[in-house]
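Source file: upload_15.cif; contents: mmCIF, C-alpha atoms and all ligand atoms.
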data_my_file
loop_
_atom_site.label_atom_id
_atom_site.label_comp_id
_atom_site.auth_asym_id
_atom_site.auth_seq_id
_atom_site.Cartn_x
_atom_site.Cartn_y
_atom_site.Cartn_z
CA MET A 10 -17.92 -17.16 -19.92
CA LYS A 11 -17.05 -13.44 -19.61
CA ILE A 12 -16.58 -12.18 -16.07
CA ALA A 13 -15.95 -8.60 -14.88
CA LEU A 14 -14.01 -8.58 -11.62
CA PHE A 15 -14.44 -5.31 -9.67
CA SER A 16 -12.28 -3.66 -6.95
CA SER A 17 -9.37 -5.57 -8.40
CA LYS A 18 -5.95 -5.28 -6.79
CA PRO A 19 -2.66 -6.78 -8.07
CA TYR A 20 -3.01 -9.74 -5.70
CA ASP A 21 -6.56 -10.52 -6.97
CA GLN A 22 -5.31 -10.57 -10.54
CA GLU A 23 -2.31 -12.72 -9.55
CA TYR A 24 -4.44 -15.36 -7.83
CA PHE A 25 -7.28 -15.44 -10.37
CA GLU A 26 -4.91 -15.64 -13.35
CA LYS A 27 -2.95 -18.43 -11.66
CA TYR A 28 -5.91 -20.66 -10.80
CA ASN A 29 -8.09 -19.78 -13.83
CA VAL A 30 -5.70 -21.82 -15.97
CA ASP A 31 -7.80 -24.89 -15.07
CA TYR A 32 -11.11 -23.15 -15.84
CA GLN A 33 -10.37 -20.89 -18.81
CA PHE A 34 -12.96 -18.21 -17.98
CA ASP A 35 -12.55 -14.84 -19.69
CA PHE A 36 -11.78 -12.39 -16.85
CA THR A 37 -11.50 -8.59 -17.14
CA PHE A 38 -10.07 -6.87 -14.05
CA PHE A 39 -11.49 -3.47 -13.13
CA GLU A 40 -9.74 -1.52 -10.37
CA THR A 41 -12.84 0.59 -9.83
CA PRO A 42 -15.40 -0.50 -7.23
CA LEU A 43 -18.83 -1.47 -8.49
CA ASN A 44 -21.72 0.90 -7.79
CA SER A 45 -24.62 2.37 -9.73
CA HIS A 46 -22.24 4.79 -11.50
CA THR A 47 -19.77 2.14 -12.65
CA ALA A 48 -22.35 -0.58 -13.37
CA ASN A 49 -22.36 0.31 -17.08
CA LEU A 50 -18.94 -1.36 -17.29
CA THR A 51 -20.74 -4.71 -16.97
CA LYS A 52 -22.11 -4.49 -20.53
CA GLY A 53 -21.06 -7.51 -22.59
CA PHE A 54 -20.26 -9.69 -19.55
CA ASP A 55 -22.16 -12.75 -18.28
CA ALA A 56 -21.17 -12.51 -14.64
CA ILE A 57 -19.49 -10.20 -12.17
CA CYS A 58 -17.16 -10.84 -9.25
CA THR A 59 -17.25 -8.35 -6.36
CA PHE A 60 -15.71 -7.70 -2.94
CA VAL A 61 -16.66 -6.25 0.46
CA ASN A 62 -17.01 -2.58 -0.45
CA ASP A 63 -18.74 -2.89 -3.83
CA LYS A 64 -22.20 -1.38 -3.55
CA LEU A 65 -24.79 -3.81 -4.90
CA ASP A 66 -27.92 -1.82 -4.06
CA ALA A 67 -31.23 -1.77 -5.94
CA LYS A 68 -30.00 0.91 -8.35
CA THR A 69 -26.87 -1.10 -9.24
CA MET A 70 -29.02 -4.20 -9.64
CA GLU A 71 -31.21 -2.35 -12.21
CA ARG A 72 -28.11 -1.62 -14.33
CA LEU A 73 -26.86 -5.21 -13.98
CA ALA A 74 -30.21 -6.58 -15.15
CA GLU A 75 -30.25 -4.18 -18.14
CA ASN A 76 -26.81 -5.56 -19.05
CA ASN A 77 -28.04 -9.17 -18.73
CA ILE A 78 -25.79 -10.09 -15.82
CA LYS A 79 -26.96 -13.46 -14.54
CA LEU A 80 -24.53 -14.15 -11.71
CA ILE A 81 -22.87 -12.19 -8.91
CA ALA A 82 -19.93 -14.10 -7.45
CA VAL A 83 -19.03 -12.39 -4.19
CA ARG A 84 -15.41 -13.23 -3.32
CA CYS A 85 -15.92 -12.93 0.45
CA ALA A 86 -18.15 -14.34 3.20
CA GLY A 87 -20.21 -11.27 4.20
CA PHE A 88 -22.95 -10.10 1.84
CA ASN A 89 -24.41 -7.14 3.77
CA ASN A 90 -23.49 -4.94 0.76
CA VAL A 91 -25.78 -6.93 -1.59
CA ASP A 92 -29.50 -6.15 -1.88
CA LEU A 93 -30.66 -9.77 -2.11
CA ASP A 94 -34.33 -8.87 -2.67
CA ALA A 95 -33.37 -6.68 -5.64
CA ALA A 96 -31.15 -9.47 -7.03
CA LYS A 97 -33.99 -11.99 -6.69
CA ALA A 98 -36.46 -9.64 -8.36
CA LYS A 99 -34.08 -9.38 -11.34
CA ASN A 100 -33.41 -13.12 -11.35
CA ILE A 101 -29.71 -12.62 -10.68
CA LYS A 102 -28.10 -15.40 -8.67
CA VAL A 103 -25.71 -14.52 -5.84
CA VAL A 104 -22.97 -16.90 -4.71
CA ARG A 105 -20.29 -16.33 -2.07
CA VAL A 106 -17.35 -17.94 -0.30
CA PRO A 107 -18.99 -18.97 2.98
CA ALA A 108 -15.87 -20.17 4.73
CA TYR A 109 -12.26 -19.57 3.95
CA SER A 110 -9.70 -20.01 6.59
CA PRO A 111 -11.44 -18.70 9.74
CA GLU A 112 -7.94 -18.97 11.25
CA ALA A 113 -6.85 -16.00 9.11
CA ILE A 114 -9.35 -13.66 10.79
CA ALA A 115 -9.08 -15.17 14.29
CA GLU A 116 -5.29 -14.91 14.18
CA HIS A 117 -5.46 -11.29 13.00
CA ALA A 118 -7.75 -10.47 15.94
CA LEU A 119 -5.07 -11.99 18.18
CA ALA A 120 -2.39 -9.92 16.40
CA LEU A 121 -4.37 -6.75 17.19
CA ILE A 122 -4.69 -7.79 20.85
CA LEU A 123 -1.00 -8.59 21.28
CA THR A 124 0.17 -5.50 19.43
CA LEU A 125 -2.09 -3.14 21.40
CA ASN A 126 -1.18 -4.83 24.67
CA ARG A 127 2.59 -5.34 24.30
CA LYS A 128 3.06 -2.28 22.03
CA THR A 129 5.41 -4.09 19.66
CA HIS A 130 4.65 -1.52 16.92
CA LYS A 131 6.00 1.24 19.19
CA ALA A 132 8.96 -0.82 20.40
CA TYR A 133 9.94 -1.58 16.79
CA ASN A 134 10.09 2.12 15.89
CA ARG A 135 11.84 3.10 19.12
CA VAL A 136 14.62 0.54 18.82
CA ARG A 137 15.23 1.39 15.16
CA GLU A 138 15.78 4.99 16.25
CA GLY A 139 18.22 3.96 18.98
CA ASN A 140 15.68 4.48 21.78
CA PHE A 141 15.95 1.45 24.07
CA SER A 142 13.77 2.87 26.86
CA LEU A 143 10.80 0.84 28.18
CA ASN A 144 8.87 3.86 29.48
CA LYS A 145 5.12 3.54 28.75
CA LEU A 146 5.53 0.15 27.06
CA ILE A 147 4.05 -1.82 29.95
CA GLY A 148 1.46 -4.45 28.98
CA PHE A 149 -0.55 -7.11 30.83
CA ASN A 150 -0.62 -10.92 30.84
CA LEU A 151 -3.44 -12.49 28.83
CA ASN A 152 -3.34 -15.47 31.21
CA ASN A 153 -6.44 -15.46 33.49
CA LYS A 154 -8.04 -12.49 31.73
CA THR A 155 -11.72 -12.68 30.70
CA ILE A 156 -12.37 -12.52 26.96
CA GLY A 157 -15.90 -11.80 25.69
CA VAL A 158 -16.64 -13.21 22.23
CA ILE A 159 -19.75 -11.94 20.45
CA GLY A 160 -20.71 -14.38 17.68
CA THR A 161 -19.30 -17.90 17.91
CA GLY A 162 -19.67 -19.10 14.32
CA LYS A 163 -16.68 -20.28 12.31
CA ILE A 164 -14.40 -17.33 13.13
CA GLY A 165 -15.60 -16.77 16.71
CA ALA A 166 -15.18 -20.49 17.53
CA THR A 167 -11.64 -20.49 16.11
CA PHE A 168 -10.87 -17.33 18.10
CA CYS A 169 -12.11 -19.06 21.31
CA LYS A 170 -9.78 -21.99 20.61
CA VAL A 171 -6.80 -19.72 19.98
CA LEU A 172 -7.41 -17.66 23.14
CA SER A 173 -7.93 -20.73 25.36
CA GLY A 174 -4.27 -21.52 24.66
CA PHE A 175 -3.37 -18.39 26.62
CA GLY A 176 -5.25 -19.60 29.71
CA CYS A 177 -8.04 -17.01 29.36
CA GLU A 178 -11.57 -17.41 30.65
CA ILE A 179 -13.86 -17.23 27.63
CA LEU A 180 -17.36 -15.79 27.85
CA ALA A 181 -19.53 -15.85 24.75
CA TYR A 182 -22.79 -14.51 23.43
CA ASP A 183 -24.54 -15.91 20.34
CA VAL A 184 -28.17 -16.34 19.37
CA TYR A 185 -27.27 -20.00 18.73
CA PRO A 186 -24.83 -21.21 21.43
CA SER A 187 -22.48 -24.00 20.37
CA GLU A 188 -22.55 -27.26 22.37
CA ALA A 189 -19.03 -28.07 21.16
CA LEU A 190 -17.70 -24.80 22.59
CA ILE A 191 -19.52 -25.35 25.90
CA GLU A 192 -17.77 -28.74 26.12
CA GLN A 193 -14.45 -26.95 25.54
CA GLY A 194 -15.12 -24.69 28.54
CA VAL A 195 -16.62 -21.61 26.88
CA LYS A 196 -19.34 -20.07 29.07
CA TYR A 197 -22.37 -18.52 27.32
CA VAL A 198 -23.79 -15.50 29.14
CA SER A 199 -26.21 -12.68 28.32
CA LEU A 200 -24.85 -9.79 26.28
CA ASP A 201 -25.04 -7.46 29.30
CA GLU A 202 -23.11 -9.94 31.45
CA LEU A 203 -20.46 -10.27 28.74
CA PHE A 204 -20.09 -6.47 28.58
CA LYS A 205 -19.80 -6.25 32.39
CA GLN A 206 -17.24 -9.03 32.95
CA SER A 207 -14.88 -8.92 29.96
CA ASP A 208 -11.38 -7.44 29.92
CA ILE A 209 -11.29 -7.85 26.14
CA ILE A 210 -14.34 -7.93 23.84
CA SER A 211 -13.98 -9.30 20.31
CA LEU A 212 -16.74 -9.01 17.69
CA HIS A 213 -17.36 -11.98 15.38
CA CYS A 214 -21.08 -11.67 14.55
CA PRO A 215 -22.44 -10.58 11.17
CA LEU A 216 -23.75 -7.07 10.51
CA LEU A 217 -27.55 -7.25 10.76
CA GLU A 218 -30.24 -4.77 11.86
CA SER A 219 -30.05 -6.45 15.29
CA THR A 220 -26.26 -6.12 15.57
CA LYS A 221 -25.74 -2.63 14.08
CA HIS A 222 -23.96 -0.40 16.63
CA ILE A 223 -23.91 -3.21 19.20
CA ILE A 224 -21.00 -1.24 20.69
CA ASN A 225 -22.58 2.10 21.60
CA LYS A 226 -22.77 4.53 24.52
CA ASP A 227 -25.19 2.27 26.44
CA SER A 228 -23.14 -0.91 26.09
CA LEU A 229 -19.96 1.08 26.90
CA LYS A 230 -21.54 2.15 30.21
CA LEU A 231 -21.72 -1.54 31.24
CA MET A 232 -18.07 -2.29 30.41
CA LYS A 233 -15.03 -2.29 32.70
CA LYS A 234 -12.91 0.84 32.69
CA GLY A 235 -9.93 0.21 30.42
CA VAL A 236 -11.67 -2.49 28.35
CA MET A 237 -10.07 -3.57 25.07
CA ILE A 238 -12.44 -3.71 22.08
CA ILE A 239 -11.49 -5.63 18.93
CA ASN A 240 -13.54 -5.51 15.73
CA THR A 241 -12.53 -7.68 12.77
CA SER A 242 -16.12 -8.27 11.66
CA ARG A 243 -17.93 -5.28 10.13
CA GLY A 244 -17.43 -1.57 10.82
CA ALA A 245 -21.04 -0.70 11.57
CA LEU A 246 -21.10 -3.05 14.57
CA VAL A 247 -19.46 -0.12 16.33
CA ASP A 248 -20.91 3.37 16.74
CA THR A 249 -17.74 5.31 15.90
CA ALA A 250 -18.82 8.58 17.56
CA ASP A 251 -19.64 6.78 20.83
CA VAL A 252 -16.35 4.89 20.76
CA ILE A 253 -14.41 8.14 20.23
CA GLU A 254 -16.21 9.54 23.27
CA GLY A 255 -15.33 6.35 25.22
CA LEU A 256 -11.66 6.72 24.28
CA SER A 257 -11.63 10.42 25.24
CA GLN A 258 -13.10 9.55 28.66
CA ASN A 259 -10.53 6.75 29.20
CA LYS A 260 -13.40 4.25 29.44
CA ILE A 261 -11.94 2.30 26.51
CA GLY A 262 -8.33 1.37 27.24
CA TYR A 263 -7.53 -0.06 23.82
CA LEU A 264 -9.30 -0.23 20.45
CA GLY A 265 -8.23 -2.50 17.60
CA ILE A 266 -10.23 -2.34 14.39
CA ASP A 267 -9.76 -4.02 11.03
CA VAL A 268 -13.09 -2.67 9.78
CA TYR A 269 -14.63 0.79 9.93
CA GLU A 270 -18.16 2.01 9.20
CA GLN A 271 -17.05 4.50 6.52
CA GLU A 272 -14.23 2.32 5.17
CA GLU A 273 -15.46 2.20 1.57
CA ASN A 274 -14.00 5.66 0.86
CA LEU A 275 -10.63 4.87 2.44
CA PHE A 276 -9.63 1.25 2.73
CA TYR A 277 -7.60 -0.52 0.03
CA GLN A 278 -6.38 2.81 -1.37
CA ASP A 279 -3.04 4.63 -1.01
CA LEU A 280 -4.17 8.06 0.21
CA SER A 281 -0.78 9.01 1.68
CA GLU A 282 -0.51 12.07 -0.60
CA SER A 283 -4.18 13.08 -0.28
CA ILE A 284 -6.13 15.23 2.13
CA ILE A 285 -8.36 12.89 4.14
CA HIS A 286 -11.77 14.43 4.76
CA ASP A 287 -13.00 11.79 7.20
CA ASP A 288 -12.75 13.45 10.62
CA PHE A 289 -13.63 10.24 12.49
CA ILE A 290 -10.67 8.27 11.15
CA LEU A 291 -8.34 11.23 11.79
CA ARG A 292 -9.57 11.45 15.38
CA LEU A 293 -9.23 7.69 15.89
CA ASN A 294 -5.69 7.83 14.53
CA SER A 295 -4.83 10.55 17.05
CA PHE A 296 -5.25 8.18 20.04
CA PRO A 297 -2.08 6.34 21.13
CA ASN A 298 -4.15 3.30 22.17
CA VAL A 299 -5.95 2.76 18.84
CA LEU A 300 -4.70 0.37 16.18
CA ILE A 301 -6.35 0.35 12.76
CA THR A 302 -5.68 -2.08 9.93
CA SER A 303 -7.29 -1.73 6.52
CA HIS A 304 -9.64 -4.77 6.36
CA GLN A 305 -6.72 -7.17 5.99
CA ALA A 306 -7.70 -9.89 8.46
CA PHE A 307 -8.60 -12.23 5.59
CA PHE A 308 -5.29 -11.61 3.80
CA THR A 309 -3.26 -14.80 4.08
CA LYS A 310 -2.00 -17.06 1.30
CA GLU A 311 -4.27 -19.85 2.52
CA ALA A 312 -7.36 -17.62 2.52
CA MET A 313 -6.58 -16.14 -0.91
CA PHE A 314 -6.27 -19.68 -2.30
CA GLU A 315 -9.64 -20.67 -0.80
CA ILE A 316 -11.36 -17.47 -1.96
CA THR A 317 -10.08 -17.82 -5.52
CA THR A 318 -10.74 -21.52 -5.99
CA THR A 319 -14.20 -21.45 -4.32
CA THR A 320 -15.20 -18.47 -6.48
CA LEU A 321 -14.04 -20.29 -9.63
CA GLU A 322 -15.95 -23.42 -8.56
CA ASN A 323 -19.07 -21.30 -7.89
CA ILE A 324 -18.89 -19.83 -11.39
CA LYS A 325 -18.26 -23.27 -12.93
CA ALA A 326 -21.32 -24.71 -11.17
CA PHE A 327 -23.46 -21.86 -12.54
CA LYS A 328 -22.07 -22.30 -16.06
CA ASN A 329 -22.79 -26.05 -16.00
CA GLY A 330 -26.28 -25.59 -14.55
CA GLU A 331 -25.29 -27.53 -11.43
CA GLU A 332 -26.62 -26.94 -7.91
CA LEU A 333 -25.22 -23.68 -6.46
CA VAL A 334 -24.08 -24.94 -3.06
CA ASN A 335 -22.85 -21.48 -2.04
CA GLU A 336 -25.90 -19.53 -3.19
CA VAL A 337 -27.13 -16.75 -0.89
CA ASN A 338 -30.87 -16.10 -0.84
P1 LIG B 1 -20.64 -17.41 10.77
O1 LIG B 1 -21.92 -17.27 10.02
O2 LIG B 1 -19.96 -18.73 10.80
O3 LIG B 1 -20.87 -16.96 12.31
C1 LIG B 1 -21.60 -15.85 12.69
C2 LIG B 1 -22.15 -16.14 14.07
O4 LIG B 1 -22.83 -14.96 14.53
C3 LIG B 1 -23.19 -17.28 14.09
O5 LIG B 1 -22.87 -18.22 15.09
C4 LIG B 1 -24.50 -16.57 14.39
O6 LIG B 1 -25.42 -17.36 15.15
C5 LIG B 1 -24.00 -15.39 15.19
N1 LIG B 1 -24.98 -14.30 15.29
C6 LIG B 1 -25.98 -13.96 14.43
N2 LIG B 1 -26.68 -12.93 14.94
C7 LIG B 1 -26.12 -12.63 16.13
C8 LIG B 1 -26.43 -11.69 17.13
N3 LIG B 1 -27.45 -10.84 17.01
N4 LIG B 1 -25.65 -11.67 18.24
C9 LIG B 1 -24.62 -12.52 18.39
N5 LIG B 1 -24.30 -13.45 17.47
C10 LIG B 1 -25.04 -13.50 16.37
O7 LIG B 1 -19.69 -16.27 10.19
P2 LIG B 1 -18.10 -16.21 10.27
O8 LIG B 1 -17.52 -16.89 9.08
O9 LIG B 1 -17.66 -16.61 11.62
O10 LIG B 1 -17.87 -14.65 10.05
C11 LIG B 1 -18.27 -13.69 11.00
C12 LIG B 1 -18.14 -12.30 10.41
O11 LIG B 1 -16.75 -12.00 10.18
C13 LIG B 1 -18.77 -12.14 9.02
O12 LIG B 1 -20.14 -11.81 9.12
C14 LIG B 1 -17.97 -11.03 8.40
O13 LIG B 1 -18.66 -9.81 8.64
C15 LIG B 1 -16.66 -11.01 9.19
N6 LIG B 1 -15.47 -11.28 8.35
C16 LIG B 1 -14.45 -10.36 8.34
C17 LIG B 1 -13.30 -10.59 7.58
C18 LIG B 1 -12.14 -9.62 7.55
O14 LIG B 1 -11.25 -9.72 6.69
N7 LIG B 1 -12.05 -8.67 8.47
C19 LIG B 1 -13.23 -11.73 6.79
C20 LIG B 1 -14.29 -12.66 6.83
C21 LIG B 1 -15.40 -12.43 7.61
#
Using the file provided, produce a representation of the structure as structure tokens.
Amino acid sequence: MKIALFSSKPYDQEYFEKYNVDYQFDFTFFETPLNSHTANLTKGFDAICTFVNDKLDAKTMERLAENNIKLIAVRCAGFNNVDLDAAKAKNIKVVRVPAYSPEAIAEHALALILTLNRKTHKAYNRVREGNFSLNKLIGFNLNNKTIGVIGTGKIGATFCKVLSGFGCEILAYDVYPSEALIEQGVKYVSLDELFKQSDIISLHCPLLESTKHIINKDSLKLMKKGVMIINTSRGALVDTADVIEGLSQNKIGYLGIDVYEQEENLFYQDLSESIIHDDFILRLNSFPNVLITSHQAFFTKEAMFEITTTTLENIKAFKNGEELVNEVN
């Protein structure tokens, strides 16, 4: 089976070549992202493998169907970048990796919190330059702080567990509250109540019409002055312009983001010698209390193993005509 893997990075190739030994699929690795302009590269392949910023819209789907692509194996959990109706209309199956190490993302959210709070990134640079001063490095204890968790699925639930270890009070909002979390002491409240009471708000819900820009100027008005906002879920959960305004007004005390609404033109690329034309990211980078990582929360050895082996199993099931347990429809 011939598979074109898009948005390929050296680590993707390393993991897929290592574990494909047991499957013997014929992979071609394309560095370019997939979109309607690059979709012609899929000619001669049976399936494609894509990642978070590949653009699988109706136009791309047309090209894929013309090239007889029968399977899209998404090597991530989120599928907001895939037009599922268009895929169905063209009889192209879509499979994904529904769960891979929720700990990887929950622990990265914690890393953002601790770094922003205790300023270890600044301390590291200072000490290396012989500056041993503590001025402006003051943080706060997480113990007894109120953490608001929006979305308590696999990642949100793991995040609740991790944060309870710090002695935090955990408030949560989800359209489907979890009995198991309630038993562990998590308190479900309305979204407004969560915004009002939380010292730290962490987003773990999917990007849907109902969750787009859930952090905006109206929700910011409800929050405590100096609130910390953490987004490791999807960029468009946050209205970037409103958040920049909130940072300028000192309403937001700290912002940690692993995802960004316009990330597809920036993330996963080395642009250090380029002129960056995205004024929002430049403005965000100008704040001393903003920490941005380039969609790396998933990036642990354990998660890469799960992503690779589940994707290979998904493709194998399709090839053998077996039930597609990880199909998205
Ligand atoms: P999940 O499906 O297990 O959980 C999502 C939860 O959100 C569910 O409990 C669902 O009921 C809830 N939800 C749905 N609509 C909601 C709404 N309107 N308000 C509040 N909650 C709502 O998903 P997961 O595996 O926990 O992943 C969560 C998100 O994390 C994914 O959608 C993806 O966008 C993101 N993610 C990011 C990375 C990364 O590297 N940064 C990696 C994996 C996943």
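Residues with any atom within 10 Å of A:Glu273, counting all atoms listed in the file and excluding same-chain neighbours fewer than 3 positions away, are Pro42, Val61, Asn62, Asp63, Lys64, Val268, Tyr269, Glu270, Phe276, Tyr277 and Gln278 of chain A.
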Using all atoms listed in the file, find each residue with an atom at most 6 Å away from ligand LIG 1 (chain B) and format the answer as a PyMOL selection string. chain A and resi 86-87+108+114+159-165+182-185+213-215+219-220+241-243+267+304-307
Store the residues picked out above in a file with C-alpha atoms, as a PDB file, in the frame of the given file.
ATOM      1  CA  ALA A  86     -18.150 -14.340   3.200  1.00  0.00           C
ATOM      2  CA  GLY A  87     -20.210 -11.270   4.200  1.00  0.00           C
ATOM      3  CA  ALA A 108     -15.870 -20.170   4.730  1.00  0.00           C
ATOM      4  CA  ILE A 114      -9.350 -13.660  10.790  1.00  0.00           C
ATOM      5  CA  ILE A 159     -19.750 -11.940  20.450  1.00  0.00           C
ATOM      6  CA  GLY A 160     -20.710 -14.380  17.680  1.00  0.00           C
ATOM      7  CA  THR A 161     -19.300 -17.900  17.910  1.00  0.00           C
ATOM      8  CA  GLY A 162     -19.670 -19.100  14.320  1.00  0.00           C
ATOM      9  CA  LYS A 163     -16.680 -20.280  12.310  1.00  0.00           C
ATOM     10  CA  ILE A 164     -14.400 -17.330  13.130  1.00  0.00           C
ATOM     11  CA  GLY A 165     -15.600 -16.770  16.710  1.00  0.00           C
ATOM     12  CA  TYR A 182     -22.790 -14.510  23.430  1.00  0.00           C
ATOM     13  CA  ASP A 183     -24.540 -15.910  20.340  1.00  0.00           C
ATOM     14  CA  VAL A 184     -28.170 -16.340  19.370  1.00  0.00           C
ATOM     15  CA  TYR A 185     -27.270 -20.000  18.730  1.00  0.00           C
ATOM     16  CA  HIS A 213     -17.360 -11.980  15.380  1.00  0.00           C
ATOM     17  CA  CYS A 214     -21.080 -11.670  14.550  1.00  0.00           C
ATOM     18  CA  PRO A 215     -22.440 -10.580  11.170  1.00  0.00           C
ATOM     19  CA  SER A 219     -30.050  -6.450  15.290  1.00  0.00           C
ATOM     20  CA  THR A 220     -26.260  -6.120  15.570  1.00  0.00           C
ATOM     21  CA  THR A 241     -12.530  -7.680  12.770  1.00  0.00           C
ATOM     22  CA  SER A 242     -16.120  -8.270  11.660  1.00  0.00           C
ATOM     23  CA  ARG A 243     -17.930  -5.280  10.130  1.00  0.00           C
ATOM     24  CA  ASP A 267      -9.760  -4.020  11.030  1.00  0.00           C
ATOM     25  CA  HIS A 304      -9.640  -4.770   6.360  1.00  0.00           C
ATOM     26  CA  GLN A 305      -6.720  -7.170   5.990  1.00  0.00           C
ATOM     27  CA  ALA A 306      -7.700  -9.890   8.460  1.00  0.00           C
ATOM     28  CA  PHE A 307      -8.600 -12.230   5.590  1.00  0.00           C
TER      29      PHE A 307
END
Skip A:Ile122 itself and residues of its chain fewer than 6 positions away, then list as a ChimeraX atom specification all residues within 9 Å of it, counting all atoms listed in the file. /A:209,237-239,263-265
Students should find that atom CA of A:Thr47 and atom CA of A:Phe327 are spaced 24.3 Å
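Across the structure, atom CA of A:Asn134 and atom CA of A:Pro297 are spaced 13.9 Å apart.
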